[in-house]
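my_file_39.cif follows (mmCIF, C-alpha atoms):
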```cif
data_data
loop_
_atom_site.group_PDB
_atom_site.id
_atom_site.type_symbol
_atom_site.label_atom_id
_atom_site.label_comp_id
_atom_site.auth_asym_id
_atom_site.auth_seq_id
_atom_site.Cartn_x
_atom_site.Cartn_y
_atom_site.Cartn_z
ATOM 1 C CA VAL A 1 -13.530 -5.705 20.564
ATOM 2 C CA GLY A 2 -16.337 -7.349 18.588
ATOM 3 C CA THR A 3 -14.829 -8.474 15.265
ATOM 4 C CA ILE A 4 -11.210 -9.046 14.246
ATOM 5 C CA LEU A 5 -9.803 -9.849 10.802
ATOM 6 C CA PHE A 6 -6.348 -9.987 9.196
ATOM 7 C CA SER A 7 -5.835 -9.015 5.572
ATOM 8 C CA ARG A 8 -4.589 -11.916 3.443
ATOM 9 C CA ASP A 9 -0.976 -10.694 3.499
ATOM 10 C CA GLY A 10 -1.119 -10.264 7.268
ATOM 11 C CA LYS A 11 -0.090 -6.597 7.111
ATOM 12 C CA LEU A 12 -3.452 -5.097 8.126
ATOM 13 C CA LEU A 13 -5.779 -5.923 11.003
ATOM 14 C CA ALA A 14 -9.382 -4.739 11.344
ATOM 15 C CA THR A 15 -11.141 -4.395 14.698
ATOM 16 C CA THR A 16 -14.638 -3.237 15.612
ATOM 17 C CA THR A 17 -15.962 -1.711 18.810
ATOM 18 C CA ARG A 18 -19.124 0.014 19.998
ATOM 19 C CA ALA A 19 -19.675 3.534 21.300
ATOM 20 C CA GLY A 20 -23.225 3.707 22.603
ATOM 21 C CA GLU A 21 -25.493 2.676 19.733
ATOM 22 C CA ARG A 22 -22.878 3.457 17.081
ATOM 23 C CA GLY A 23 -20.426 0.961 15.632
ATOM 24 C CA ILE A 24 -16.805 1.912 15.003
ATOM 25 C CA ALA A 25 -14.233 0.019 12.934
ATOM 26 C CA ARG A 26 -10.489 0.678 12.913
ATOM 27 C CA LEU A 27 -7.730 -0.493 10.593
ATOM 28 C CA TRP A 28 -4.254 -1.208 11.927
ATOM 29 C CA GLN A 29 -0.938 -1.704 10.163
ATOM 30 C CA ILE A 30 1.050 -4.565 11.686
ATOM 31 C CA ASP A 31 4.783 -4.264 12.296
ATOM 32 C CA ARG A 32 5.868 -7.901 12.053
ATOM 33 C CA SER A 33 9.219 -7.273 13.731
ATOM 34 C CA THR A 34 7.595 -5.985 16.919
ATOM 35 C CA ALA A 35 4.036 -7.406 16.547
ATOM 36 C CA ARG A 36 2.793 -3.865 17.237
ATOM 37 C CA ALA A 37 0.055 -2.028 15.338
ATOM 38 C CA LYS A 38 -0.592 1.590 14.339
ATOM 39 C CA PRO A 39 -3.943 2.977 13.080
ATOM 40 C CA VAL A 40 -4.601 3.515 9.354
ATOM 41 C CA GLY A 41 -7.027 6.195 8.143
ATOM 42 C CA ARG A 42 -10.027 7.570 9.997
ATOM 43 C CA PRO A 43 -12.428 5.462 12.049
ATOM 44 C CA ILE A 44 -15.307 3.921 10.085
ATOM 45 C CA VAL A 45 -18.685 4.657 11.685
ATOM 46 C CA HIS A 46 -22.163 3.085 11.387
ATOM 47 C CA ASP A 47 -25.362 4.060 13.216
ATOM 48 C CA GLY A 48 -25.506 0.541 14.670
ATOM 49 C CA GLU A 49 -22.990 -2.008 15.899
ATOM 50 C CA ILE A 50 -20.558 -3.317 13.248
ATOM 51 C CA VAL A 51 -20.627 -7.107 13.387
ATOM 52 C CA SER A 52 -18.722 -8.189 10.262
ATOM 53 C CA PHE A 53 -15.786 -6.890 8.237
ATOM 54 C CA ALA A 54 -14.075 -7.852 4.956
ATOM 55 C CA PHE A 55 -11.011 -6.726 3.002
ATOM 56 C CA SER A 56 -11.068 -6.488 -0.783
ATOM 57 C CA PRO A 57 -8.362 -8.673 -2.390
ATOM 58 C CA ASN A 58 -6.104 -5.698 -3.159
ATOM 59 C CA LYS A 59 -6.872 -4.096 0.240
ATOM 60 C CA ASP A 60 -7.884 -0.748 -1.293
ATOM 61 C CA SER A 61 -11.440 -1.220 0.022
ATOM 62 C CA VAL A 62 -13.063 -2.672 3.109
ATOM 63 C CA ALA A 63 -16.675 -3.686 3.656
ATOM 64 C CA THR A 64 -18.654 -3.538 6.900
ATOM 65 C CA ALA A 65 -21.968 -5.055 8.015
ATOM 66 C CA SER A 66 -24.006 -3.329 10.702
ATOM 67 C CA TRP A 67 -27.101 -3.591 12.824
ATOM 68 C CA ASP A 68 -28.261 -0.321 11.231
ATOM 69 C CA ASP A 69 -29.654 -2.574 8.397
ATOM 70 C CA THR A 70 -26.840 -1.637 5.995
ATOM 71 C CA ALA A 71 -23.500 -2.793 4.696
ATOM 72 C CA ARG A 72 -21.006 -0.348 3.190
ATOM 73 C CA VAL A 73 -17.772 -0.299 1.213
ATOM 74 C CA TRP A 74 -15.046 2.129 2.336
ATOM 75 C CA ASP A 75 -11.716 3.425 1.081
ATOM 76 C CA THR A 76 -9.007 1.759 3.169
ATOM 77 C CA ALA A 77 -6.566 4.663 3.172
ATOM 78 C CA THR A 78 -9.050 7.443 4.000
ATOM 79 C CA GLY A 79 -12.090 5.785 5.578
ATOM 80 C CA ASP A 80 -14.412 7.507 3.047
ATOM 81 C CA PRO A 81 -17.498 5.570 1.829
ATOM 82 C CA ARG A 82 -17.589 4.146 -1.702
ATOM 83 C CA GLY A 83 -20.830 3.533 -3.608
ATOM 84 C CA LEU A 84 -24.324 3.346 -2.160
ATOM 85 C CA PRO A 85 -25.282 1.808 1.196
ATOM 86 C CA MET A 86 -26.359 -1.815 0.693
ATOM 87 C CA ARG A 87 -29.699 -2.030 2.485
ATOM 88 C CA HIS A 88 -31.597 -4.950 4.014
ATOM 89 C CA ARG A 89 -34.880 -4.982 5.940
ATOM 90 C CA ASP A 90 -33.205 -5.953 9.211
ATOM 91 C CA ASP A 91 -29.787 -6.167 10.868
ATOM 92 C CA VAL A 92 -26.938 -7.134 8.529
ATOM 93 C CA TRP A 93 -24.812 -9.839 10.146
ATOM 94 C CA ALA A 94 -22.266 -10.830 7.493
ATOM 95 C CA VAL A 95 -20.297 -9.371 4.587
ATOM 96 C CA ALA A 96 -17.685 -10.755 2.169
ATOM 97 C CA PHE A 97 -15.814 -9.804 -1.013
ATOM 98 C CA SER A 98 -15.425 -12.179 -3.956
ATOM 99 C CA GLY A 99 -11.877 -13.176 -4.858
ATOM 100 C CA ASP A 100 -11.678 -10.700 -7.751
ATOM 101 C CA GLY A 101 -13.146 -7.881 -5.654
ATOM 102 C CA ARG A 102 -16.032 -7.226 -8.051
ATOM 103 C CA LEU A 103 -18.796 -8.599 -5.827
ATOM 104 C CA VAL A 104 -19.894 -8.111 -2.228
ATOM 105 C CA ALA A 105 -22.245 -10.532 -0.454
ATOM 106 C CA THR A 106 -24.306 -9.710 2.625
ATOM 107 C CA GLY A 107 -26.391 -11.791 5.031
ATOM 108 C CA SER A 108 -29.187 -10.397 7.167
ATOM 109 C CA PHE A 109 -31.538 -11.137 10.037
ATOM 110 C CA ASP A 110 -34.326 -10.660 7.469
ATOM 111 C CA GLY A 111 -33.592 -14.224 6.285
ATOM 112 C CA THR A 112 -31.856 -13.275 3.036
ATOM 113 C CA ALA A 113 -28.423 -12.972 1.528
ATOM 114 C CA ARG A 114 -27.734 -10.636 -1.369
ATOM 115 C CA ILE A 115 -24.993 -10.188 -3.976
ATOM 116 C CA TRP A 116 -24.005 -6.620 -4.878
ATOM 117 C CA ASP A 117 -21.755 -4.776 -7.294
ATOM 118 C CA ALA A 118 -18.821 -3.734 -5.092
ATOM 119 C CA THR A 119 -18.237 -0.468 -6.973
ATOM 120 C CA THR A 120 -21.792 0.873 -7.182
ATOM 121 C CA GLY A 121 -23.497 -0.843 -4.251
ATOM 122 C CA LYS A 122 -26.353 -2.002 -6.520
ATOM 123 C CA THR A 123 -27.933 -5.435 -5.985
ATOM 124 C CA LEU A 124 -27.453 -7.919 -8.834
ATOM 125 C CA PHE A 125 -30.006 -10.713 -8.270
ATOM 126 C CA THR A 126 -33.163 -11.435 -6.325
ATOM 127 C CA ALA A 127 -32.636 -12.193 -2.629
ATOM 128 C CA LEU A 128 -31.101 -15.572 -1.714
ATOM 129 C CA ARG A 129 -33.579 -16.911 0.839
ATOM 130 C CA HIS A 130 -33.307 -19.009 4.001
ATOM 131 C CA GLN A 131 -35.998 -19.843 6.558
ATOM 132 C CA GLY A 132 -34.103 -17.986 9.300
ATOM 133 C CA PRO A 133 -31.523 -15.219 9.769
ATOM 134 C CA VAL A 134 -28.387 -15.503 7.597
ATOM 135 C CA ARG A 135 -25.543 -15.244 10.082
ATOM 136 C CA THR A 136 -22.488 -16.031 7.952
ATOM 137 C CA LEU A 137 -21.259 -16.370 4.361
ATOM 138 C CA ASP A 138 -18.124 -16.872 2.273
ATOM 139 C CA PHE A 139 -17.198 -16.898 -1.429
ATOM 140 C CA SER A 140 -15.378 -19.910 -2.870
ATOM 141 C CA PRO A 141 -11.771 -19.105 -3.888
ATOM 142 C CA ASP A 142 -12.676 -19.215 -7.601
ATOM 143 C CA GLY A 143 -15.631 -16.878 -6.972
ATOM 144 C CA ASN A 144 -18.167 -19.203 -8.604
ATOM 145 C CA LEU A 145 -20.053 -20.089 -5.425
ATOM 146 C CA LEU A 146 -21.326 -18.313 -2.336
ATOM 147 C CA ALA A 147 -21.901 -20.310 0.865
ATOM 148 C CA THR A 148 -24.479 -19.021 3.354
ATOM 149 C CA GLY A 149 -25.148 -20.275 6.884
ATOM 150 C CA SER A 150 -28.417 -19.637 8.685
ATOM 151 C CA PHE A 151 -30.167 -19.972 12.015
ATOM 152 C CA ASP A 152 -32.518 -22.356 10.173
ATOM 153 C CA GLY A 153 -29.787 -24.984 10.661
ATOM 154 C CA THR A 154 -28.699 -25.150 7.016
ATOM 155 C CA ILE A 155 -25.787 -24.140 4.826
ATOM 156 C CA ARG A 156 -26.570 -23.402 1.197
ATOM 157 C CA LEU A 157 -24.458 -22.875 -1.916
ATOM 158 C CA TRP A 158 -25.427 -20.328 -4.588
ATOM 159 C CA SER A 159 -24.134 -19.599 -8.075
ATOM 160 C CA THR A 160 -22.618 -16.124 -8.335
ATOM 161 C CA ALA A 161 -23.356 -16.102 -12.065
ATOM 162 C CA ASN A 162 -27.145 -16.071 -11.676
ATOM 163 C CA GLY A 163 -27.976 -16.173 -7.947
ATOM 164 C CA GLN A 164 -29.559 -19.629 -8.211
ATOM 165 C CA SER A 165 -29.312 -22.349 -5.557
ATOM 166 C CA HIS A 166 -26.502 -24.845 -6.213
ATOM 167 C CA GLY A 167 -27.087 -28.396 -4.952
ATOM 168 C CA TRP A 168 -28.782 -29.488 -1.730
ATOM 169 C CA PRO A 169 -28.665 -27.691 1.656
ATOM 170 C CA PHE A 170 -26.148 -28.998 4.211
ATOM 171 C CA ARG A 171 -27.968 -29.692 7.468
ATOM 172 C CA HIS A 172 -26.177 -28.682 10.665
ATOM 173 C CA PRO A 173 -27.404 -29.249 14.256
ATOM 174 C CA GLY A 174 -28.246 -25.869 15.801
ATOM 175 C CA ASP A 175 -27.829 -22.355 14.406
ATOM 176 C CA VAL A 176 -25.013 -22.060 11.852
ATOM 177 C CA THR A 177 -22.698 -19.345 13.171
ATOM 178 C CA SER A 178 -19.718 -19.379 10.794
ATOM 179 C CA VAL A 179 -18.689 -20.782 7.386
ATOM 180 C CA VAL A 180 -15.372 -20.545 5.542
ATOM 181 C CA PHE A 181 -13.988 -22.248 2.414
ATOM 182 C CA SER A 182 -10.608 -23.969 2.385
ATOM 183 C CA PRO A 183 -7.997 -22.302 0.139
ATOM 184 C CA ASP A 184 -8.485 -24.948 -2.572
ATOM 185 C CA GLY A 185 -12.275 -24.636 -2.396
ATOM 186 C CA HIS A 186 -12.811 -28.377 -1.879
ATOM 187 C CA LEU A 187 -13.831 -28.140 1.790
ATOM 188 C CA LEU A 188 -16.090 -25.865 3.799
ATOM 189 C CA ALA A 189 -15.637 -25.385 7.553
ATOM 190 C CA SER A 190 -18.627 -24.481 9.709
ATOM 191 C CA SER A 191 -19.557 -23.940 13.346
ATOM 192 C CA SER A 192 -22.843 -24.066 15.196
ATOM 193 C CA SER A 193 -24.618 -23.258 18.429
ATOM 194 C CA ALA A 194 -25.075 -26.996 19.051
ATOM 195 C CA GLY A 195 -21.450 -27.349 20.200
ATOM 196 C CA SER A 196 -19.722 -28.620 17.085
ATOM 197 C CA SER A 197 -17.686 -27.495 14.112
ATOM 198 C CA ARG A 198 -17.599 -29.465 10.873
ATOM 199 C CA LEU A 199 -15.669 -29.901 7.653
ATOM 200 C CA TRP A 200 -17.772 -30.593 4.553
ATOM 201 C CA ASN A 201 -16.703 -31.952 1.186
ATOM 202 C CA VAL A 202 -18.481 -29.553 -1.168
ATOM 203 C CA ALA A 203 -17.508 -31.550 -4.257
ATOM 204 C CA THR A 204 -20.095 -34.240 -3.409
ATOM 205 C CA GLU A 205 -23.873 -33.933 -3.750
ATOM 206 C CA PRO A 206 -25.358 -33.973 -1.253
ATOM 207 C CA ALA A 207 -22.401 -32.570 0.666
ATOM 208 C CA ASP A 208 -20.520 -35.121 2.740
ATOM 209 C CA THR A 209 -19.459 -34.427 6.331
ATOM 210 C CA GLN A 210 -15.695 -34.902 6.232
ATOM 211 C CA ARG A 211 -15.063 -34.460 9.952
ATOM 212 C CA VAL A 212 -16.877 -33.372 13.143
ATOM 213 C CA PHE A 213 -15.123 -31.479 15.967
ATOM 214 C CA GLN A 214 -16.971 -31.604 19.297
ATOM 215 C CA HIS A 215 -16.868 -28.736 21.827
ATOM 216 C CA ALA A 216 -18.086 -28.223 25.374
ATOM 217 C CA GLY A 217 -20.195 -25.162 24.467
ATOM 218 C CA ARG A 218 -21.613 -23.225 21.575
ATOM 219 C CA VAL A 219 -19.108 -22.531 18.781
ATOM 220 C CA TYR A 220 -19.401 -19.013 17.409
ATOM 221 C CA ALA A 221 -16.354 -18.739 15.144
ATOM 222 C CA VAL A 222 -14.180 -20.852 12.873
ATOM 223 C CA ALA A 223 -11.142 -19.944 10.753
ATOM 224 C CA LEU A 224 -8.830 -21.910 8.447
ATOM 225 C CA SER A 225 -5.180 -21.017 7.864
ATOM 226 C CA PRO A 226 -5.333 -18.954 4.638
ATOM 227 C CA SER A 227 -2.201 -20.419 3.036
ATOM 228 C CA ASP A 228 -3.023 -24.132 3.156
ATOM 229 C CA GLY A 229 -6.104 -24.772 5.306
ATOM 230 C CA LYS A 230 -4.200 -27.259 7.458
ATOM 231 C CA LEU A 231 -5.071 -25.501 10.715
ATOM 232 C CA MET A 232 -8.588 -24.748 11.942
ATOM 233 C CA ALA A 233 -9.208 -22.382 14.867
ATOM 234 C CA THR A 234 -12.495 -22.310 16.780
ATOM 235 C CA GLY A 235 -13.918 -19.915 19.369
ATOM 236 C CA SER A 236 -16.623 -20.967 21.808
ATOM 237 C CA GLY A 237 -19.290 -19.475 24.010
ATOM 238 C CA ASN A 238 -17.540 -20.887 27.067
ATOM 239 C CA GLY A 239 -14.546 -18.608 26.421
ATOM 240 C CA SER A 240 -12.227 -21.230 24.944
ATOM 241 C CA VAL A 241 -10.093 -21.051 21.786
ATOM 242 C CA GLN A 242 -8.731 -24.208 20.177
ATOM 243 C CA VAL A 243 -6.576 -24.985 17.134
ATOM 244 C CA TRP A 244 -7.072 -28.266 15.277
ATOM 245 C CA ASP A 245 -5.357 -30.218 12.532
ATOM 246 C CA SER A 246 -8.054 -30.085 9.851
ATOM 247 C CA SER A 247 -6.889 -33.285 8.134
ATOM 248 C CA THR A 248 -6.776 -35.513 11.228
ATOM 249 C CA GLY A 249 -9.136 -33.773 13.659
ATOM 250 C CA ASP A 250 -6.426 -33.749 16.358
ATOM 251 C CA LEU A 251 -6.234 -30.859 18.806
ATOM 252 C CA VAL A 252 -2.945 -29.049 18.101
ATOM 253 C CA LEU A 253 -3.059 -26.090 20.514
ATOM 254 C CA GLY A 254 -5.242 -25.102 23.458
ATOM 255 C CA PRO A 255 -7.749 -24.905 24.767
ATOM 256 C CA TRP A 256 -6.901 -21.367 25.839
ATOM 257 C CA GLN A 257 -9.405 -19.812 28.179
ATOM 258 C CA GLN A 258 -10.519 -16.194 28.368
ATOM 259 C CA GLN A 259 -13.305 -14.358 30.139
ATOM 260 C CA GLY A 260 -16.496 -13.996 28.122
ATOM 261 C CA GLU A 261 -17.636 -15.543 24.862
ATOM 262 C CA VAL A 262 -15.250 -15.822 21.913
ATOM 263 C CA LEU A 263 -17.148 -14.361 18.951
ATOM 264 C CA ALA A 264 -14.345 -14.147 16.363
ATOM 265 C CA VAL A 265 -11.046 -15.830 15.535
ATOM 266 C CA ALA A 266 -8.492 -15.150 12.788
ATOM 267 C CA ILE A 267 -5.256 -16.841 11.717
ATOM 268 C CA ARG A 268 -2.558 -14.720 10.119
ATOM 269 C CA PRO A 269 -1.723 -16.017 6.619
ATOM 270 C CA ASP A 270 1.712 -17.298 7.637
ATOM 271 C CA GLY A 271 0.062 -19.298 10.432
ATOM 272 C CA LYS A 272 2.233 -17.772 13.144
ATOM 273 C CA LEU A 273 -0.298 -15.509 14.840
ATOM 274 C CA LEU A 274 -3.835 -16.121 16.057
ATOM 275 C CA ALA A 275 -6.204 -13.309 17.008
#
```

Output the file's structure as structure tokens, nothing else.
Amino acid sequence: VGTILFSRDGKLLATTTRAGERGIARLWQIDRSTARAKPVGRPIVHDGEIVSFAFSPNKDSVATASWDDTARVWDTATGDPRGLPMRHRDDVWAVAFSGDGRLVATGSFDGTARIWDATTGKTLFTALRHQGPVRTLDFSPDGNLLATGSFDGTIRLWSTANGQSHGWPFRHPGDVTSVVFSPDGHLLASSSSAGSSRLWNVATEPADTQRVFQHAGRVYAVALSPSDGKLMATGSGNGSVQVWDSSTGDLVLGPWQQQGEVLAVAIRPDGKLLA
């Protein structure tokens, strides 16, 4: 399994796998009483590996990002594509919906992020540029800002009203591998290949590092509990998963060890399950 993601209500889970050169995504309905899952709709297929996945706020659509240089929006119930393919000039690494579901953002190895109309698949602004591949992105809860993280070692904020840069870049040691806003939009969590995850206060300019969480190896994934942001989960290249108190920086659970690198983590909205 490459990517995992819970829907905000915790009732759906998305997983991605690879079959040869093709990428396959599956949706699963979660039975909370048994913690078992059953498939929903047909498999979603790209011509390259699927490396990122996003649910629309009302869950009627899902978006995928693939190494076939495209992102796509799909009907959740049927698995049929919606709108045009959203094309970059290189692998697409990241995809996200805005909070109202009207916009989709994508990040690519071509060094750009783009904002698209979620219904038509048409691009809205000129490309949002970094000096290296854009590995990760997230919309603020109010939908006014888009955060992008790049292998150029920076995180940038962009206005979703006009596609213009908002404030100064946040500088992060190493490649930025994951970014996610807190539910109130005041903080941004990030992870990097340099062995740390960070919390940033995005209300200050330049952004202030609120807290630094040190790890033994590269950190590939970070997630905040969707209901309150009080818990932060991280996944590392050394196979460890840890859960932290985001306000104090204390380790709450773990580290749990598994074989291979941990490339994705997700916390169910009620905070009771971690995937």

Answer key for the PyMOL selection byres ((chain A and resi 161) around 10), residues as a list in words =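 Expected selection for the PyMOL selection byres ((chain A and resi 161) around 10) here is Leu124, Phe125, Gly143, Asn144, Leu145, Trp158, Ser159, Thr160, Asn162, Gly163 and Gln164 of chain A.
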
Considering only C-alpha atoms, return as an MDAnalysis selection string whatever protein or nucleic-acid residues lie within 8 Å of stretch 58-71 of chain A, sequence-local ones (same chain, fewer than 5 positions apart) excluded.
-> chainID A and resid 7 23 46:53 76:77 85:97 101 106 108

Please, which residues are within 7 Å of (-6.5, -22.0, 18.2) by the file's coordinates, counting only C-alpha atoms, and could they come as a short mmCIF file (atom, residue, chain, number, x, y, z; two decimals) with C-alpha atoms, in the frame of the given file?
```cif
data_model
loop_
_atom_site.label_atom_id
_atom_site.label_comp_id
_atom_site.auth_asym_id
_atom_site.auth_seq_id
_atom_site.Cartn_x
_atom_site.Cartn_y
_atom_site.Cartn_z
CA ALA A 233 -9.21 -22.38 14.87
CA THR A 234 -12.50 -22.31 16.78
CA VAL A 241 -10.09 -21.05 21.79
CA GLN A 242 -8.73 -24.21 20.18
CA VAL A 243 -6.58 -24.98 17.13
CA TRP A 244 -7.07 -28.27 15.28
CA LEU A 253 -3.06 -26.09 20.51
CA GLY A 254 -5.24 -25.10 23.46
CA LEU A 274 -3.84 -16.12 16.06
#
```

The PyMOL selection byres ((chain A and resi 12) around 10) applied to the shown file, residues as a PyMOL selection string = chain A and resi 5-11+13-14+27-31+37-40+55+59+268

Expressed in Å to a single decimal, how great is the separation between atom CA of A:Ala54 and atom CA of A:Ala35?
-> 21.5 Å

Proximity to A:Thr154 - best of A:Ser247, A:Thr204, A:Ser196, A:Ser190, all atoms listed in the file =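 Closest to A:Thr154, using all atoms listed in the file: A:Ser190.
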
Using only C-alpha atoms, what residues lie at most 10 Å away from (-14.7, -25.4, 29.8) (file coordinates), given as a VMD selection string?
-> chain A and resid 215 to 217 236 to 240 255 to 257

Please return the centre and edge lengths, in Å to one decimal, of a box with edges along x, y and z that contains all listed atoms of stretch 230-241 of chain A, widened by 6 Å on every side, as lines of an AutoDock Vina configuration file.
```
center_x = -11.7
center_y = -22.9
center_z = 17.3
size_x = 27.1
size_y = 20.7
size_z = 31.6
```

Could you jot down the atom CA of A:Val179 to atom CA of A:Asp245 separation for me, Å, one decimal place?
->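 These atoms are spaced 17.1 Å apart.
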
If you measure from atom CA of A:Ala189 to atom CA of A:Gly111, what distance in Å do you get, rounded to one decimal?
->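 Atom CA of A:Gly111 lies at a distance of 21.2 Å from atom CA of A:Ala189.
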
Test item: the PyMOL selection byres ((chain A and resi 152) around 8) resolved as a ChimeraX atom specification = /A:130-133,150-151,153-154,174-176

Find the spatial neighbours of A:Gly229, counting only C-alpha atoms, within a cut-off of 8 Å - ignore same-chain residues fewer than 6 positions away - and output them as a list in words.
->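 What passes the distance filter is Ser182, Pro183 and Ser246 of chain A.
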
From the set A:Leu251, A:Leu157, A:Met232, A:Ala221, which residue has the shortest atom-to-atom contact distance to A:Glu205, counting only C-alpha atoms?
->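 Checking each candidate against A:Glu205, we get A:Leu157 as the closest.
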
Within 9 Å of A:Val212, counting only C-alpha atoms, which residues show up once you throw out same-chain ones fewer than 3 positions away? Write them as a list of chain:residue names, please.
->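 Selected residues are A:Ser196, A:Ser197, A:Arg198, A:Leu199, A:Thr209, A:Gly249.
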
For A:Arg72, the nearest of the candidates A:His186, A:Lys272, A:Lys122, A:Arg129, counting all atoms listed in the file =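 When distances to A:Arg72 are compared using all atoms listed in the file, the smallest one comes from A:Lys122.
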
Which one of A:Gln258, A:Ser178, A:Ser33, A:Asn201 sits closest to A:Tyr220 if you count only C-alpha atoms?
-> A:Ser178

Please rebuild stretch 46-52 of chain A with all heavy atoms and give the result as an mmCIF file, in the coordinates of the input.
```cif
data_model
loop_
_atom_site.group_PDB
_atom_site.id
_atom_site.type_symbol
_atom_site.label_atom_id
_atom_site.label_comp_id
_atom_site.auth_asym_id
_atom_site.auth_seq_id
_atom_site.Cartn_x
_atom_site.Cartn_y
_atom_site.Cartn_z
ATOM 1 N N HIS A 46 -20.780 3.415 11.735
ATOM 2 C CA HIS A 46 -22.163 3.085 11.387
ATOM 3 C C HIS A 46 -23.083 3.577 12.502
ATOM 4 O O HIS A 46 -22.638 3.821 13.632
ATOM 5 C CB HIS A 46 -22.344 1.572 11.251
ATOM 6 C CG HIS A 46 -22.019 1.026 9.903
ATOM 7 N ND1 HIS A 46 -22.959 0.841 8.914
ATOM 8 C CD2 HIS A 46 -20.842 0.597 9.376
ATOM 9 C CE1 HIS A 46 -22.397 0.313 7.845
ATOM 10 N NE2 HIS A 46 -21.104 0.152 8.095
ATOM 11 N N ASP A 47 -24.376 3.663 12.202
ATOM 12 C CA ASP A 47 -25.362 4.060 13.216
ATOM 13 C C ASP A 47 -25.750 2.898 14.128
ATOM 14 O O ASP A 47 -26.491 3.097 15.101
ATOM 15 C CB ASP A 47 -26.614 4.633 12.552
ATOM 16 C CG ASP A 47 -26.352 5.982 11.914
ATOM 17 O OD1 ASP A 47 -25.437 6.683 12.384
ATOM 18 O OD2 ASP A 47 -27.060 6.330 10.950
ATOM 19 N N GLY A 48 -25.291 1.710 13.826
ATOM 20 C CA GLY A 48 -25.506 0.541 14.670
ATOM 21 C C GLY A 48 -24.209 -0.228 14.807
ATOM 22 O O GLY A 48 -23.207 0.074 14.132
ATOM 23 N N GLU A 49 -24.198 -1.228 15.662
ATOM 24 C CA GLU A 49 -22.990 -2.008 15.899
ATOM 25 C C GLU A 49 -22.490 -2.658 14.607
ATOM 26 O O GLU A 49 -23.276 -3.142 13.798
ATOM 27 C CB GLU A 49 -23.258 -3.079 16.954
ATOM 28 C CG GLU A 49 -22.025 -3.867 17.348
ATOM 29 C CD GLU A 49 -22.260 -4.769 18.543
ATOM 30 O OE1 GLU A 49 -23.338 -4.664 19.168
ATOM 31 O OE2 GLU A 49 -21.365 -5.576 18.845
ATOM 32 N N ILE A 50 -21.176 -2.659 14.394
ATOM 33 C CA ILE A 50 -20.558 -3.317 13.248
ATOM 34 C C ILE A 50 -20.210 -4.743 13.665
ATOM 35 O O ILE A 50 -19.442 -4.956 14.603
ATOM 36 C CB ILE A 50 -19.303 -2.567 12.776
ATOM 37 C CG1 ILE A 50 -19.676 -1.150 12.332
ATOM 38 C CG2 ILE A 50 -18.631 -3.321 11.621
ATOM 39 C CD1 ILE A 50 -18.474 -0.260 12.058
ATOM 40 N N VAL A 51 -20.776 -5.719 12.956
ATOM 41 C CA VAL A 51 -20.627 -7.107 13.387
ATOM 42 C C VAL A 51 -19.849 -7.966 12.398
ATOM 43 O O VAL A 51 -19.548 -9.121 12.695
ATOM 44 C CB VAL A 51 -22.007 -7.743 13.651
ATOM 45 C CG1 VAL A 51 -22.656 -7.115 14.868
ATOM 46 C CG2 VAL A 51 -22.915 -7.615 12.431
ATOM 47 N N SER A 52 -19.506 -7.430 11.223
ATOM 48 C CA SER A 52 -18.722 -8.189 10.262
ATOM 49 C C SER A 52 -17.901 -7.222 9.417
ATOM 50 O O SER A 52 -18.293 -6.070 9.208
ATOM 51 C CB SER A 52 -19.634 -9.038 9.366
ATOM 52 O OG SER A 52 -18.889 -9.847 8.487
#
```
